[in-house]
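Note sheet for the following structure.
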Amino acid sequence: MAAASGGPERETLRFLTARECVDVRTAHGTPTYVYDAATLKAQAAKALDFPNAFGLTVRYAMKASPNAAILKIFRNAGLKIDASSGHEVRRAVRAGFDHADCSLSTQEFPEFFEELVKKGLKVNACSLSQLEAFGAAFPGAEIGLRFNPGLGSGGTGKTNVGGPSSSFGIWHELLPEARAICEKHGLKVVRIHTHIGSGSDPAVWQKTSGMSLDLCREFPTVETLNLGGGYKVGRMAYEKSTDLAVVGAPVKALFEAFAKETGRELRLEIEPGTFLLANSCAIVCTVQDKVTTGAASDGGHVFLKLDAGMTEVLRPSLYAAQHPLVTVSAATGKEPEGTEKYVVVGHCCESGDLMTPGPDDAEEIAERAMGEVERGDLLVVEGAGAYCAGMSGKNYNSFPEAPEVMRTAEGTFHVIRKKQSLEQIMANEVELPDDAC
Ligand SMILES: *Cc1c(COP(=O)(O)O)cnc(C)c1O
């Protein structure tokens, strides 16, 4: 067995105590997503403090994690909704939002958009064909335009959604065509929207904010500028989070300068997902096996196999995302004293189901230092709030969807999504007649 060594720092639990992890396993089994209401509320308060000159609306980009309990917490905190599909709008409404609280920026314009718009949904047209469809259905109505400002920035190529390699939004050079469609249908452009990527570079984000204001200049009826989300959050201890007060201050100044020059006081909208959710959830897992592939000097590793994996958190396989991994001893209910280096893998029959990829390469196997554990101990995947439960390799290998639990401010745990059953996985299967098999 590899001896404990220095290596990178061990990560620590964020909001759960080691004892609570054991209790969660006893009460709910593993894997279980545990959200923290206090962290969700604290992040919402920080977002609502975003520097602004003439008013602010914060929309939760609900694709980050769409559970109704999370939506309700944010509704009570005063957030509105950024929806990425018509189905998300319906989910938000079921959780208590009005249609008018929701703004839709989507790659796939829903067939049922007319019904939603009649009830008050705000639409940001993300392509010329969406704009044409909206204008034909609602001549003379108010509309938002999502532009691709020609510049993007994301933590990875997969999360960069601006620039010529990205299909998101109306390409900025097509502004005359967009204007012509608006004129044809008498549409009043009241919002400009840009969102350039997740985990974006603050400097690039600020630059596109200026470019987005230039787009507002082109449409004198615009009242609101929506600058999207993408605020980078450190999950690992060594990663830095964007300070909203710092990135927002120069943008506030740009709005003020714009007002001085044009007499127009624009309202600011932002749409964070990651910022609100990333560190608000941990997945409590069990180390269900521990195997070795021989001596480290011969290229061997000690592997921990979780009872979770890409079925709960796809980000490491997809983006080589780094999530803090913290072990807890079942016997002591504490984080172990000794440190060991492990490769941590998920439970799927796929070598890509790797929880410890190299930081820049999802295929690279990297070892991580963590508290020494044995089979049956616990391992907690931290930083699992955004794009985990909502974006997983659900039901691969027929593993049922894991339950979601909310830790309240009082420290009680409420189930907010039950564990899926095998029957539910197969519920929509239809039998093929025997003579066709
Ligand atoms: C995904 C998305 C967001 C949120 O991005 P984060 O990186 O999670 O903050 C905001 N706006 C739009 C249009 C999105 O698609």
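Lettering and numbering for the structure tokens are positional, with chains as A, B, ... in the shown order, residues counted from 1 in each chain, and ligands counted from 1 in the shown order.
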
Step by step, measure atom-to-atom distances between ligand 1 and each residue using only C-alpha atoms and all ligand atoms, keep those at most 8 Å, then write them as a ChimeraX atom specification.
-> /A:60-64,82-84,105-106,159,194-195,197-200,228-232,270-276,386-387

Mind checking DSSP for region 178-425 of chain A and telling me the strand (DSSP E) residues as number ranges by chain?
-> A: 188-193, 224-226, 267-270, 281-292, 302-306, 325-328, 339-345, 357-358, 361-365, 368-371, 378-381, 404-407, 413-417

So, counting only C-alpha atoms, which residue among A:Ser317, A:Gly333, A:Val328, A:Gln322 is closest to Asp353 (chain A)?
-> A:Ser317

Pull the closest atom pair for each residue of region 69-186 of chain A that gets at most 9 Å from region 202-216 of chain A, along with the distance in Å to one decimal, counting only C-alpha atoms, ordering rows by chain and then ascending residue number, as CSV.
```
residue,atom,partner,partner_atom,distance
A:Phe147,CA,A:Ser212,CA,8.2
A:Pro149,CA,A:Met211,CA,6.7
A:Gly150,CA,A:Thr208,CA,8.7
A:Leu151,CA,A:Thr208,CA,7.0
A:Gly152,CA,A:Val204,CA,7.5
A:Ser153,CA,A:Val204,CA,6.7
A:His172,CA,A:Leu215,CA,8.5
A:Leu175,CA,A:Leu215,CA,8.7
```

Set the distance at 8 Å and use only C-alpha atoms: which residues neighbour Gly376 (chain A) once local chain neighbours fewer than 4 positions away are removed? I'd like the list as a CSV table (one decimal) with N, CA and C atoms, in the first residue's frame.
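Below is the file that was written, selection13.csv:
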```
chain,number,residue,atom,x,y,z
A,286,THR,N,-20.4,6.0,-0.4
A,286,THR,CA,-19.7,4.9,0.3
A,286,THR,C,-18.6,4.4,-0.6
A,287,VAL,N,-17.4,4.2,0.1
A,287,VAL,CA,-16.3,3.5,-0.6
A,287,VAL,C,-16.7,2.0,-0.6
A,288,GLN,N,-17.2,1.5,-1.8
A,288,GLN,CA,-17.7,0.2,-1.8
A,288,GLN,C,-16.7,-0.9,-2.2
A,289,ASP,N,-15.5,-0.4,-2.6
A,289,ASP,CA,-14.4,-1.3,-2.8
A,289,ASP,C,-13.1,-0.6,-2.9
A,330,ALA,N,-16.2,5.4,9.0
A,330,ALA,CA,-17.4,5.0,9.5
A,330,ALA,C,-17.3,4.6,11.0
```

What's around region 365-367 of chain A at 8 Å? Count only C-alpha atoms, leave out sequence neighbours fewer than 3 positions away in its own chain, and write the answer as a compact mmCIF listing (two decimals) with N, CA, C and O atoms, in the first residue's frame.
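File written: around03.txt
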```
# COMPACT_ATOMS: atom_id res chain seq x y z
N HIS A 301 -1.70 1.80 -8.80
CA HIS A 301 -2.44 2.77 -7.99
C HIS A 301 -3.28 2.02 -6.97
O HIS A 301 -3.60 0.85 -7.14
N LYS A 341 -2.75 8.36 -0.85
CA LYS A 341 -3.07 8.86 -2.19
C LYS A 341 -3.88 7.82 -2.93
O LYS A 341 -3.48 6.65 -2.99
N TYR A 342 -5.01 8.26 -3.47
CA TYR A 342 -5.89 7.34 -4.16
C TYR A 342 -6.27 7.86 -5.53
O TYR A 342 -6.30 9.07 -5.76
N VAL A 343 -6.63 6.91 -6.39
CA VAL A 343 -7.40 7.24 -7.58
C VAL A 343 -8.83 6.86 -7.24
O VAL A 343 -9.09 5.76 -6.74
N VAL A 344 -9.77 7.79 -7.43
CA VAL A 344 -11.16 7.52 -7.09
C VAL A 344 -11.97 7.35 -8.37
O VAL A 344 -11.90 8.18 -9.27
N LEU A 354 -14.31 8.51 -13.88
CA LEU A 354 -13.15 8.79 -13.04
C LEU A 354 -13.41 10.07 -12.27
O LEU A 354 -13.74 11.10 -12.86
N THR A 356 -11.11 11.44 -10.23
CA THR A 356 -9.84 12.16 -10.04
C THR A 356 -9.09 12.25 -11.38
O THR A 356 -8.00 11.70 -11.52
N PRO A 357 -9.68 12.96 -12.34
CA PRO A 357 -8.95 13.15 -13.60
C PRO A 357 -7.82 14.14 -13.38
O PRO A 357 -7.82 14.88 -12.40
N GLY A 358 -6.89 14.19 -14.33
CA GLY A 358 -5.89 15.25 -14.30
C GLY A 358 -6.61 16.57 -14.49
O GLY A 358 -7.67 16.61 -15.10
N ALA A 362 -9.44 14.90 -19.01
CA ALA A 362 -10.40 13.96 -18.40
C ALA A 362 -9.92 12.51 -18.50
O ALA A 362 -10.39 11.64 -17.78
```

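Using only C-alpha atoms for every distance, the candidate list A:Thr12, A:Phe54, A:His347, A:Ala45 yields A:Phe54 as the residue closest to Ala253 (chain A).
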
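Considering the residues A:Ala402, A:Leu128, A:Met370, A:Val222 and counting only C-alpha atoms, Ile181 (chain A) has its shortest atom-to-atom contact with A:Leu128.
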